[in-house]
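S.K.: Got start.cif for you, mmCIF, C-alpha atoms:
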data_structure
#
loop_
_atom_site.label_atom_id
_atom_site.label_comp_id
_atom_site.auth_asym_id
_atom_site.auth_seq_id
_atom_site.Cartn_x
_atom_site.Cartn_y
_atom_site.Cartn_z
CA MET A 4 65.32 56.31 130.66
CA ARG A 5 65.48 56.83 126.90
CA ASP A 6 68.43 59.13 127.42
CA TYR A 7 70.35 56.42 129.27
CA LEU A 8 69.54 53.93 126.57
CA LYS A 9 70.79 56.27 123.87
CA LEU A 10 74.00 57.07 125.75
CA THR A 11 74.73 53.46 126.60
CA GLY A 12 73.88 52.44 123.07
CA ILE A 13 76.35 54.87 121.52
CA LEU A 14 79.07 53.87 123.97
CA LEU A 15 78.41 50.24 123.11
CA ILE A 16 78.68 50.91 119.39
CA VAL A 17 81.93 52.83 119.81
CA CYS A 18 83.45 50.05 121.90
CA VAL A 19 82.35 47.35 119.50
CA VAL A 20 83.86 49.23 116.56
CA ALA A 21 87.06 49.80 118.53
CA ALA A 22 87.28 46.13 119.47
CA GLY A 23 86.68 45.23 115.84
CA VAL A 24 89.45 47.51 114.59
CA LEU A 25 91.88 46.06 117.11
CA GLY A 26 90.82 42.50 116.31
CA VAL A 27 91.40 43.02 112.61
CA THR A 28 94.74 44.75 113.14
CA ASN A 29 95.83 41.97 115.44
CA ALA A 30 94.88 39.30 112.91
CA VAL A 31 96.84 41.10 110.23
CA THR A 32 99.95 41.68 112.31
CA TYR A 33 100.19 38.70 114.66
CA GLU A 34 102.30 36.45 112.45
CA LYS A 35 104.59 39.23 111.36
CA ILE A 36 105.31 40.29 114.92
CA LEU A 37 106.18 36.71 115.81
CA GLU A 38 108.50 36.53 112.80
CA GLN A 39 110.24 39.74 113.86
CA ALA A 40 110.78 38.38 117.35
CA ILE A 41 112.30 35.18 115.97
CA ARG A 42 114.51 37.16 113.60
CA GLU A 43 115.71 39.38 116.45
CA ASN A 44 116.50 36.33 118.57
CA ASN A 45 118.52 34.80 115.74
CA GLU A 46 120.42 38.00 115.21
CA ALA A 47 121.17 38.31 118.91
CA ARG A 48 122.55 34.77 118.95
CA LYS A 49 124.69 35.43 115.89
CA ALA A 50 125.93 38.68 117.41
CA VAL A 51 127.23 37.05 120.59
CA LEU A 52 128.68 33.88 119.01
CA SER A 53 129.81 34.97 115.59
CA ASP A 54 131.52 31.99 113.95
CA VAL A 55 128.68 29.59 114.54
CA GLU A 56 126.83 28.26 111.50
CA GLU A 57 123.79 26.73 113.13
CA PHE A 58 122.04 27.11 116.43
CA TYR A 59 120.14 24.28 118.07
CA LYS A 60 117.83 24.77 120.99
CA ILE A 61 119.18 22.56 123.73
CA ASN A 62 117.01 19.58 124.54
CA GLU A 63 115.67 20.72 127.83
CA ASN A 64 115.03 17.18 129.02
CA GLY A 65 118.72 16.48 128.74
CA ILE A 66 119.65 19.18 131.19
CA SER A 67 116.39 19.62 133.04
CA ASP A 68 117.85 18.58 136.37
CA ILE A 69 120.49 21.25 136.00
CA LEU A 70 118.04 23.88 134.80
CA SER A 71 115.63 23.25 137.65
CA LYS A 72 118.11 24.46 140.25
CA PRO A 73 116.89 27.72 141.83
CA ASP A 74 120.15 29.50 140.87
CA TYR A 75 119.17 29.13 137.23
CA GLU A 76 115.70 30.54 137.64
CA ILE A 77 116.46 33.57 135.50
CA ILE A 78 117.57 31.50 132.52
CA THR A 79 114.98 31.46 129.78
CA GLU A 80 116.71 29.84 126.80
CA VAL A 81 119.83 27.86 125.99
CA TYR A 82 121.08 27.25 122.46
CA GLU A 83 124.00 25.19 121.31
CA GLY A 84 126.07 26.67 118.53
CA LYS A 85 127.61 24.26 116.01
CA SER A 86 129.78 24.61 112.95
CA GLN A 87 130.21 21.53 110.76
CA GLY A 88 128.91 19.28 113.50
CA GLN A 89 131.31 20.61 116.12
CA THR A 90 129.97 22.47 119.14
CA LEU A 91 131.58 25.88 119.30
CA GLY A 92 129.73 27.28 122.26
CA TYR A 93 126.42 28.13 123.83
CA THR A 94 124.13 31.13 123.92
CA VAL A 95 122.17 31.65 127.08
CA LYS A 96 119.29 34.07 127.43
CA THR A 97 118.72 35.35 130.96
CA SER A 98 116.20 37.76 132.44
CA PRO A 99 117.48 39.14 135.74
CA LYS A 100 115.53 41.81 137.55
CA GLY A 101 116.83 45.30 136.86
CA TYR A 102 115.57 48.70 137.94
CA GLY A 103 112.35 48.99 135.97
CA GLY A 104 111.64 45.33 135.36
CA THR A 105 113.47 42.36 133.84
CA VAL A 106 116.47 42.93 131.60
CA GLU A 107 116.84 40.44 128.76
CA ILE A 108 120.46 39.51 128.08
CA VAL A 109 121.83 37.02 125.57
CA ILE A 110 125.33 35.76 126.38
CA GLY A 111 127.59 33.83 124.02
CA ILE A 112 130.12 31.54 125.72
CA ASP A 113 132.70 29.40 123.94
CA MET A 114 133.94 25.93 124.90
CA GLU A 115 136.81 27.37 126.97
CA GLY A 116 134.32 29.13 129.17
CA LYS A 117 135.07 32.60 127.85
CA VAL A 118 132.39 35.16 127.13
CA LYS A 119 132.44 35.88 123.41
CA GLY A 120 129.84 38.60 123.53
CA ILE A 121 126.69 39.80 125.25
CA LYS A 122 123.66 41.62 123.94
CA VAL A 123 121.30 43.49 126.23
CA GLY A 124 117.81 43.29 124.78
CA GLU A 125 114.33 44.21 125.98
CA ASN A 126 114.33 46.24 129.14
CA SER A 127 112.55 49.07 130.89
CA GLU A 128 115.57 50.75 132.37
CA THR A 129 115.98 54.51 132.62
CA PRO A 130 116.85 56.22 129.32
CA GLY A 131 120.18 57.98 129.64
CA LEU A 132 121.22 55.79 132.55
CA GLY A 133 120.34 52.10 132.75
CA LYS A 134 119.48 51.92 129.07
CA ASN A 135 123.15 52.59 128.32
CA ALA A 136 123.73 48.99 129.34
CA ALA A 137 122.76 48.16 125.77
CA THR A 138 125.72 50.05 124.33
CA PRO A 139 128.85 48.45 122.85
CA LYS A 140 130.90 50.35 125.43
CA PHE A 141 129.31 48.57 128.37
CA GLN A 142 128.67 45.23 126.68
CA GLY A 143 132.23 45.09 125.36
CA GLN A 144 133.57 44.97 128.92
CA PHE A 145 132.29 41.43 129.30
CA VAL A 146 134.14 39.98 126.32
CA GLY A 147 136.87 37.62 127.45
CA LYS A 148 135.61 37.19 130.99
CA ASP A 149 135.60 33.55 131.98
CA TRP A 150 133.98 31.20 134.42
CA ASP A 151 137.03 30.72 136.65
CA ASN A 152 136.17 33.65 138.85
CA GLY A 153 132.80 35.30 139.25
CA ILE A 154 132.53 38.75 137.66
CA VAL A 155 132.55 41.54 140.21
CA LEU A 156 131.05 44.99 139.75
CA ILE A 157 133.10 48.03 140.76
CA LYS A 158 131.85 51.59 140.87
CA ASN A 159 135.06 53.45 140.04
CA GLY A 160 138.67 52.88 139.21
CA ILE A 161 140.22 50.68 136.56
CA PRO A 162 138.57 47.27 136.36
CA LYS A 163 140.85 44.29 136.85
CA ASP A 164 140.58 41.01 134.96
CA ASN A 165 137.37 39.79 136.54
CA GLU A 166 135.85 43.22 137.23
CA ILE A 167 133.31 45.32 135.39
CA LEU A 168 132.95 49.09 135.73
CA SER A 169 129.38 50.01 136.60
CA ILE A 170 127.48 52.64 134.62
CA ALA A 171 127.51 55.86 136.62
CA GLY A 172 124.09 56.35 138.18
CA ALA A 173 122.84 52.93 137.04
CA THR A 174 124.17 50.50 139.62
CA VAL A 175 121.02 48.39 139.78
CA THR A 176 120.98 47.87 136.02
CA SER A 177 124.71 47.10 135.92
CA THR A 178 124.33 44.62 138.79
CA ALA A 179 121.52 42.88 136.92
CA VAL A 180 123.64 42.44 133.80
CA VAL A 181 126.54 41.06 135.84
CA GLU A 182 124.16 38.66 137.57
CA GLY A 183 122.86 37.48 134.22
CA VAL A 184 126.33 36.89 132.79
CA ASN A 185 127.60 35.13 135.92
CA THR A 186 124.59 32.81 135.96
CA ALA A 187 125.09 32.01 132.28
CA LEU A 188 128.76 31.21 132.87
CA GLU A 189 127.91 28.91 135.77
CA LEU A 190 125.28 27.10 133.72
CA VAL A 191 127.55 26.52 130.73
CA GLU A 192 130.30 25.30 133.05
CA GLU A 193 127.90 22.75 134.52
CA ILE A 194 126.57 21.67 131.16
CA SER A 195 129.98 21.15 129.62
CA ASP A 196 131.15 19.20 132.64
CA ASN A 197 128.52 16.60 131.80
CA MET Y 19 93.72 83.18 107.90
CA LYS Y 20 92.05 80.89 110.40
CA LEU Y 21 93.97 77.78 109.28
CA TRP Y 22 97.33 79.45 109.83
CA LYS Y 23 96.26 80.77 113.23
CA ASP Y 24 95.11 77.33 114.29
CA PHE Y 25 98.48 75.95 113.26
CA SER Y 26 100.74 78.60 114.74
CA ASN Y 27 98.84 78.67 118.01
CA GLY Y 28 100.52 75.52 119.26
CA LEU Y 29 104.00 76.78 118.46
CA ILE Y 30 104.30 79.71 120.86
CA LYS Y 31 101.15 81.33 122.19
CA GLU Y 32 99.67 78.07 123.46
CA ASN Y 33 102.76 75.86 123.40
CA PRO Y 34 101.60 72.70 125.13
CA THR Y 35 104.76 72.30 127.21
CA PHE Y 36 105.70 75.84 128.18
CA ARG Y 37 102.30 77.56 128.17
CA LEU Y 38 99.61 74.95 128.68
CA VAL Y 39 101.90 72.77 130.86
CA LEU Y 40 100.45 69.56 129.47
CA GLY Y 41 102.09 66.20 128.97
CA THR Y 42 104.52 66.83 131.81
CA CYS Y 43 104.92 63.17 132.69
CA PRO Y 44 106.25 61.93 129.34
CA THR Y 45 108.21 65.18 128.97
CA MET Y 46 110.12 64.41 132.16
CA ALA Y 47 110.78 60.83 131.13
CA VAL Y 48 111.79 61.45 127.56
CA THR Y 49 113.98 64.55 127.77
CA THR Y 50 117.00 62.69 129.14
CA ALA Y 51 118.33 62.37 125.61
CA VAL Y 52 117.73 64.37 122.44
CA PHE Y 53 117.16 61.21 120.44
CA ASN Y 54 114.32 60.20 122.75
CA GLY Y 55 112.82 63.69 122.70
CA LEU Y 56 112.82 63.68 118.90
CA GLY Y 57 111.33 60.20 118.75
CA MET Y 58 108.53 61.04 121.13
CA GLY Y 59 107.86 64.34 119.36
CA ILE Y 60 107.50 62.71 115.96
CA ALA Y 61 105.22 60.01 117.33
CA VAL Y 62 103.04 62.60 119.07
CA ILE Y 63 102.72 64.70 115.91
CA ALA Y 64 101.45 61.67 114.02
CA VAL Y 65 99.00 60.64 116.74
CA LEU Y 66 97.75 64.20 117.37
CA ILE Y 67 96.95 64.82 113.71
CA CYS Y 68 95.07 61.56 113.35
CA SER Y 69 93.22 61.61 116.66
CA ASN Y 70 92.19 65.25 116.13
CA LEU Y 71 90.94 64.33 112.68
CA ILE Y 72 88.93 61.34 113.86
CA ILE Y 73 87.42 63.16 116.83
CA SER Y 74 86.53 66.12 114.64
CA LEU Y 75 84.81 63.85 112.14
CA ILE Y 76 82.61 62.28 114.81
CA ASN Y 77 82.04 65.36 116.95
CA LYS Y 78 78.49 65.84 115.73
CA ILE Y 79 77.34 62.35 116.69
CA VAL Y 80 79.06 62.04 120.05
CA PRO Y 81 76.66 62.91 122.89
CA ASN Y 82 78.07 65.42 125.32
CA GLU Y 83 77.63 63.34 128.45
CA VAL Y 84 79.80 60.45 127.28
CA ARG Y 85 82.30 62.31 125.16
CA ILE Y 86 85.30 61.73 127.43
CA PRO Y 87 85.10 57.91 127.52
CA ILE Y 88 84.51 57.88 123.79
CA TYR Y 89 87.54 60.09 123.09
CA ILE Y 90 89.68 57.91 125.32
CA VAL Y 91 88.53 54.73 123.59
CA VAL Y 92 89.16 56.26 120.17
CA ILE Y 93 92.63 57.48 121.08
CA ALA Y 94 93.66 54.28 122.85
CA THR Y 95 92.40 52.10 120.00
CA PHE Y 96 94.16 54.20 117.43
CA VAL Y 97 97.48 54.18 119.28
CA SER Y 98 97.28 50.43 119.94
CA ALA Y 99 96.58 49.73 116.28
CA VAL Y 100 99.49 51.95 115.22
CA GLU Y 101 101.77 50.16 117.66
CA MET Y 102 100.86 46.74 116.26
CA LEU Y 103 101.37 47.92 112.67
CA ILE Y 104 104.76 49.43 113.46
CA LYS Y 105 105.90 46.31 115.29
CA ALA Y 106 104.86 44.12 112.39
CA PHE Y 107 105.92 46.12 109.36
CA SER Y 108 108.76 48.36 110.45
CA PRO Y 109 111.21 46.85 112.94
CA ALA Y 110 113.53 49.80 112.34
CA LEU Y 111 110.87 52.30 113.40
CA ASP Y 112 109.93 50.00 116.26
CA SER Y 113 113.41 49.88 117.76
CA ALA Y 114 113.69 53.66 117.45
CA LEU Y 115 110.25 54.70 118.67
CA GLY Y 116 108.79 51.51 120.07
CA ILE Y 117 108.68 52.40 123.73
CA PHE Y 118 107.14 55.80 123.14
CA ILE Y 119 103.99 54.64 121.43
CA PRO Y 120 102.28 53.13 124.49
CA LEU Y 121 103.37 56.19 126.47
CA ILE Y 122 101.38 58.42 124.16
CA VAL Y 123 98.06 57.03 125.29
CA VAL Y 124 98.55 58.67 128.66
CA ASN Y 125 99.88 61.89 127.19
CA CYS Y 126 97.18 64.37 128.16
CA ILE Y 127 98.00 66.67 125.27
CA ILE Y 128 96.10 64.29 123.02
CA LEU Y 129 92.97 64.25 125.14
CA ALA Y 130 93.22 67.98 125.86
CA ARG Y 131 93.26 68.92 122.17
CA ALA Y 132 90.45 66.47 121.46
CA GLU Y 133 88.34 68.03 124.16
CA SER Y 134 89.15 71.71 123.69
CA PHE Y 135 89.56 71.86 119.94
CA ALA Y 136 88.67 68.86 117.80
CA SER Y 137 85.31 68.36 119.49
CA LYS Y 138 84.22 71.81 118.39
CA ASN Y 139 86.00 72.46 115.11
CA PRO Y 140 85.98 71.25 111.51
CA PRO Y 141 88.39 68.50 110.38
CA LEU Y 142 90.90 70.62 108.43
CA ASN Y 143 91.32 73.10 111.30
CA SER Y 144 91.70 70.17 113.70
CA ILE Y 145 94.49 68.78 111.58
CA MET Y 146 96.22 72.17 111.71
CA ASP Y 147 95.82 72.33 115.44
CA GLY Y 148 97.22 68.82 115.84
CA LEU Y 149 100.19 69.67 113.63
CA GLY Y 150 100.93 72.95 115.42
CA MET Y 151 100.60 71.48 118.90
CA GLY Y 152 102.70 68.49 117.90
CA ILE Y 153 105.48 70.63 116.47
CA GLY Y 154 105.36 72.98 119.46
CA PHE Y 155 105.67 69.97 121.75
CA THR Y 156 108.56 68.55 119.72
CA LEU Y 157 110.47 71.84 119.78
CA ALA Y 158 110.00 72.07 123.54
CA LEU Y 159 111.23 68.49 123.93
CA ILE Y 160 114.29 69.14 121.77
CA PHE Y 161 115.17 72.21 123.81
CA MET Y 162 114.80 70.49 127.18
CA SER Y 163 116.51 67.28 126.16
CA GLY Y 164 119.29 69.31 124.53
CA VAL Y 165 120.03 71.04 127.83
CA ARG Y 166 119.67 67.90 129.93
CA GLU Y 167 121.73 65.63 127.71
CA LEU Y 168 124.46 68.19 127.02
CA LEU Y 169 125.05 69.18 130.64
CA GLY Y 170 123.94 65.92 132.27
CA ALA Y 171 125.78 63.45 130.04
CA GLY Y 172 128.13 65.53 127.94
CA THR Y 173 126.63 64.25 124.70
CA PHE Y 174 124.23 65.42 122.03
CA LEU Y 175 122.39 62.74 120.05
CA ASN Y 176 124.78 60.32 121.75
CA MET Y 177 127.85 62.04 120.33
CA PRO Y 178 130.32 63.19 123.00
CA ILE Y 179 130.69 66.95 122.76
CA PHE Y 180 132.96 67.98 125.59
CA GLY Y 181 135.70 65.39 125.61
CA ALA Y 182 136.99 63.12 128.33
CA GLY Y 183 137.69 65.70 131.01
CA PHE Y 184 134.09 66.86 131.29
CA GLU Y 185 132.30 65.87 134.48
CA PRO Y 186 128.62 65.87 133.67
CA ALA Y 187 126.07 67.09 136.19
CA LEU Y 188 124.34 63.75 136.55
CA ILE Y 189 121.46 65.27 138.46
CA LEU Y 190 120.20 66.77 135.23
CA ILE Y 191 119.24 63.37 133.83
CA LEU Y 192 117.55 62.39 137.07
CA PRO Y 193 114.04 63.56 138.01
CA PRO Y 194 115.04 66.55 140.21
CA GLY Y 195 117.14 67.92 137.37
CA GLY Y 196 114.24 67.43 135.01
CA PHE Y 197 111.96 69.57 137.12
CA LEU Y 198 114.65 72.22 137.54
CA VAL Y 199 115.17 72.49 133.79
CA TYR Y 200 111.43 72.47 133.16
CA GLY Y 201 110.68 75.28 135.60
CA LEU Y 202 113.53 77.42 134.35
CA ALA Y 203 112.53 76.76 130.75
CA ILE Y 204 108.94 77.86 131.40
CA ALA Y 205 110.19 81.05 133.02
CA LEU Y 206 112.63 81.74 130.19
CA PHE Y 207 110.05 81.00 127.51
CA ASN Y 208 107.48 83.30 128.98
CA LYS Y 209 109.90 86.11 129.67
CA LEU Y 210 111.79 86.14 126.42
CA ILE Y 211 109.64 84.60 123.72
CA VAL Y 212 105.99 85.22 124.43
CA LYS Y 213 105.06 88.66 123.23
CA LYS Y 214 102.99 90.58 125.71
CA ALA Y 215 99.45 90.99 124.43
#
Show me, as structure tokens, the structure contained in the file I just sent.

M.R.:
Amino acid sequence: MRDYLKLTGILLIVCVVAAGVLGVTNAVTYEKILEQAIRENNEARKAVLSDVEEFYKINENGISDILSKPDYEIITEVYEGKSQGQTLGYTVKTSPKGYGGTVEIVIGIDMEGKVKGIKVGENSETPGLGKNAATPKFQGQFVGKDWDNGIVLIKNGIPKDNEILSIAGATVTSTAVVEGVNTALELVEEISDN
Amino acid sequence: MKLWKDFSNGLIKENPTFRLVLGTCPTMAVTTAVFNGLGMGIAVIAVLICSNLIISLINKIVPNEVRIPIYIVVIATFVSAVEMLIKAFSPALDSALGIFIPLIVVNCIILARAESFASKNPPLNSIMDGLGMGIGFTLALIFMSGVRELLGAGTFLNMPIFGAGFEPALILILPPGGFLVYGLAIALFNKLIVKKA
């Protein structure tokens, strides 16, 4: 009996100390981590819509009936980009399902409905394959695509105006990114129609 | 000199990847690109040194019957704390190594060295062991990821090496290729590098 008490006691002490260490570290780092996340978000928005001076989170009440449509389920954030009071475009953050989980994509779209840039963010895709979706080479393909025709993924050949060449060996990831961009384009088209 | 032996042991004679065959799971995942192999290797060196040190410092007071859960709690706590600190204070390090840190908790090299070395040896020797094992692991990762990235993607550290006409053997960056390279590497390592006793 005494043996069990001693063993359990030591385990308890170790766990309490461990929990304490983690609690303290969390308290020290929590704010900073939040700040980093906000900073990264801002940078992503600036990267996909470069000439904008200020970003405003869209009043979700204003477009809630649009946002609640099931097609727009994967949309997590919409920001309006303004320069000197004029709206230059929107950034939409989507999280479609990829190969290893959701793939976060921020898409910048201007008032003519053209994609100005995309940035693939947090994801758990395969290194060397799906993770290459976050490269300028893949992301650059989307620049200039517009909302007139849906973007189509092709596996080989030369992509035409509304086509994107998939990453070899990473079709699921590429499909997810295309889905995200298409959904963003549809949403911005609906919003600007209003 | 015992300290040197404890250090050099992890490099060749008991190389964790090619001789002890430990940490296979993260090895497979991370050797698709040299950059990832390097990142993981560096993170593991840091964690190994510190976890070996901590375990060695407490090895006298840890009762034998509950040593495994205690080692696991210590290692997991340590890695989690390091992850939070990196995320908060070094976004550059985080974007380079971020995904590898949580993977290290399940890397059995850490627990294996805690159990077979740090629990029975003094702190300075444990640090040496951690350093040697970590470097041995990193070298193994660099070799494997070098082969896999070069032949499977045509690049090294993301720089194209072979030019546009090269058709990479994609299978090498997929799991079957990983196992093929691993098996061949173990055979090669043991045949050519390990000196017969």

S.K.: Using only C-alpha atoms, which chain A residues lie at most 12 Å away from chain Y, written as a VMD selection string?

M.R.: chain A and resid 6 to 7 9 to 40 42 to 43 124 to 135 138 170 to 173

S.K.: For this structure, which residues satisfy the selection - the PyMOL selection byres ((chain A and resi 76) around 12) - when it is evaluated on the file as given? I want them as a PyMOL selection string.

M.R.: chain A and resi 67+69-75+77-80+96-100+182-183+186-187+190

S.K.: Hey, what comes out of the PyMOL selection byres ((chain A and resi 109) around 6) on this file? Could you write it as a PDB file with C-alpha atoms, keeping the file's coordinate frame?

M.R.:
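And here is the file that came out, out.pdb:
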ATOM      1  CA  VAL A  95     122.170  31.650 127.080  1.00  0.00           C
ATOM      2  CA  LYS A  96     119.290  34.070 127.430  1.00  0.00           C
ATOM      3  CA  ILE A 108     120.460  39.510 128.080  1.00  0.00           C
ATOM      4  CA  ILE A 110     125.330  35.760 126.380  1.00  0.00           C
ATOM      5  CA  ILE A 121     126.690  39.800 125.250  1.00  0.00           C
ATOM      6  CA  LYS A 122     123.660  41.620 123.940  1.00  0.00           C
TER       7      LYS A 122
END

S.K.: Hey, can you check how far atom CA of A:Thr176 sits from atom CA of A:Gly103?

M.R.: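 Rounded to one decimal, the two atoms are 8.7 Å apart.
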
S.K.: In Å to one decimal, how far is atom CA of Y:Glu32 from atom CA of Y:Phe118?

M.R.: 23.5 Å

S.K.: What does the distance from atom CA of A:Ser169 to atom CA of A:Phe145 come to in Å, to one decimal?

M.R.: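 Answer for the atom CA of A:Ser169 to atom CA of A:Phe145 separation: 11.6 Å.
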
S.K.: Using all atoms listed in the file, determine which residues lie at most 9 Å from stretch 49-51 of chain A, disregarding the query and same-chain residues fewer than 4 positions distant; provide the list as a ChimeraX atom specification.

M.R.: /A:44-45,55-56,58,94,109-112,118-122

S.K.: Run the PyMOL selection byres ((chain Y and resi 147-153) around 7) on the file and write out the hits as a count of residues only.

M.R.: 22

S.K.: What lies within 8 Å of Y:Ser74 using all atoms listed in the file, ignoring chain neighbours under 4 positions off, as JSON, numbers by chain?

M.R.: {"Y": [70, 132, 136, 137, 138, 139, 140, 141, 144]}

S.K.: Could you please take those selected residues and save C-alpha atoms as a PDB file, in the frame of the given file?

M.R.:
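Contents of selection_37.pdb, freshly written:
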ATOM      1  CA  ASN Y  70      92.190  65.250 116.130  1.00  0.00           C
ATOM      2  CA  ALA Y 132      90.450  66.470 121.460  1.00  0.00           C
ATOM      3  CA  ALA Y 136      88.670  68.860 117.800  1.00  0.00           C
ATOM      4  CA  SER Y 137      85.310  68.360 119.490  1.00  0.00           C
ATOM      5  CA  LYS Y 138      84.220  71.810 118.390  1.00  0.00           C
ATOM      6  CA  ASN Y 139      86.000  72.460 115.110  1.00  0.00           C
ATOM      7  CA  PRO Y 140      85.980  71.250 111.510  1.00  0.00           C
ATOM      8  CA  PRO Y 141      88.390  68.500 110.380  1.00  0.00           C
ATOM      9  CA  SER Y 144      91.700  70.170 113.700  1.00  0.00           C
TER      10      SER Y 144
END

S.K.: Between A:Lys85, A:Arg5, A:Lys148, A:Lys117, which one has atoms that come closest to A:Tyr59, using all atoms listed in the file?

M.R.: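 Closest candidate: A:Lys85.
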
S.K.: Would you mind telling me which residue in Y:Ile160, Y:Ile90, Y:Leu111, Y:Leu206 lies nearest to Y:Ser69 when using all atoms listed in the file?

M.R.: Y:Ile90

S.K.: Identify, on the basis of all atoms listed in the file, every residue whose closest approach to A:Leu91 does not exceed 8 Å; exclude the query and any residue fewer than 2 positions from it along the same chain; express the result as a PyMOL selection string.

M.R.: chain A and resi 55+83-86+89+93+113-114

S.K.: Would you export the selected residues with C-alpha atoms as a PDB file, in the frame of the given file, please?

M.R.:
ATOM      1  CA  VAL A  55     128.680  29.590 114.540  1.00  0.00           C
ATOM      2  CA  GLU A  83     124.000  25.190 121.310  1.00  0.00           C
ATOM      3  CA  GLY A  84     126.070  26.670 118.530  1.00  0.00           C
ATOM      4  CA  LYS A  85     127.610  24.260 116.010  1.00  0.00           C
ATOM      5  CA  SER A  86     129.780  24.610 112.950  1.00  0.00           C
ATOM      6  CA  GLN A  89     131.310  20.610 116.120  1.00  0.00           C
ATOM      7  CA  TYR A  93     126.420  28.130 123.830  1.00  0.00           C
ATOM      8  CA  ASP A 113     132.700  29.400 123.940  1.00  0.00           C
ATOM      9  CA  MET A 114     133.940  25.930 124.900  1.00  0.00           C
TER      10      MET A 114
END

S.K.: Show me, as JSON, the centre and edge lengths in Å to one decimal of the axis-aligned box that covers every listed atom of stretch 76-91 of chain A with 4 Å on each side.

M.R.:
{"center_x": 123.3, "center_y": 26.4, "center_z": 124.2, "size_x": 24.6, "size_y": 22.3, "size_z": 34.9}

S.K.: Could you complete stretch 67-80 of chain Y so that it carries N, CA and C atoms, and give it back as a compact mmCIF listing (two decimals), keeping the file's coordinate frame?

M.R.:
# COMPACT_ATOMS: atom_id res chain seq x y z
N ILE Y 67 97.65 64.50 114.95
CA ILE Y 67 96.95 64.82 113.71
C ILE Y 67 95.80 63.84 113.49
N CYS Y 68 96.10 62.56 113.64
CA CYS Y 68 95.07 61.56 113.35
C CYS Y 68 93.96 61.55 114.39
N SER Y 69 94.30 61.66 115.66
CA SER Y 69 93.22 61.61 116.66
C SER Y 69 92.36 62.86 116.55
N ASN Y 70 92.98 64.03 116.32
CA ASN Y 70 92.19 65.25 116.13
C ASN Y 70 91.26 65.11 114.95
N LEU Y 71 91.77 64.50 113.87
CA LEU Y 71 90.94 64.33 112.68
C LEU Y 71 89.74 63.44 112.97
N ILE Y 72 90.01 62.28 113.60
CA ILE Y 72 88.93 61.34 113.86
C ILE Y 72 87.89 61.96 114.80
N ILE Y 73 88.35 62.57 115.87
CA ILE Y 73 87.42 63.16 116.83
C ILE Y 73 86.60 64.26 116.16
N SER Y 74 87.26 65.05 115.31
CA SER Y 74 86.53 66.12 114.64
C SER Y 74 85.47 65.56 113.71
N LEU Y 75 85.78 64.44 113.06
CA LEU Y 75 84.81 63.85 112.14
C LEU Y 75 83.58 63.32 112.86
N ILE Y 76 83.76 62.85 114.12
CA ILE Y 76 82.61 62.28 114.81
C ILE Y 76 81.99 63.25 115.82
N ASN Y 77 82.48 64.50 115.85
CA ASN Y 77 82.04 65.36 116.95
C ASN Y 77 80.55 65.68 116.93
N LYS Y 78 79.92 65.54 115.74
CA LYS Y 78 78.49 65.84 115.73
C LYS Y 78 77.67 64.71 116.33
N ILE Y 79 78.16 63.47 116.24
CA ILE Y 79 77.34 62.35 116.69
C ILE Y 79 77.67 61.89 118.10
N VAL Y 80 78.70 62.44 118.69
CA VAL Y 80 79.06 62.04 120.05
C VAL Y 80 78.24 62.84 121.06
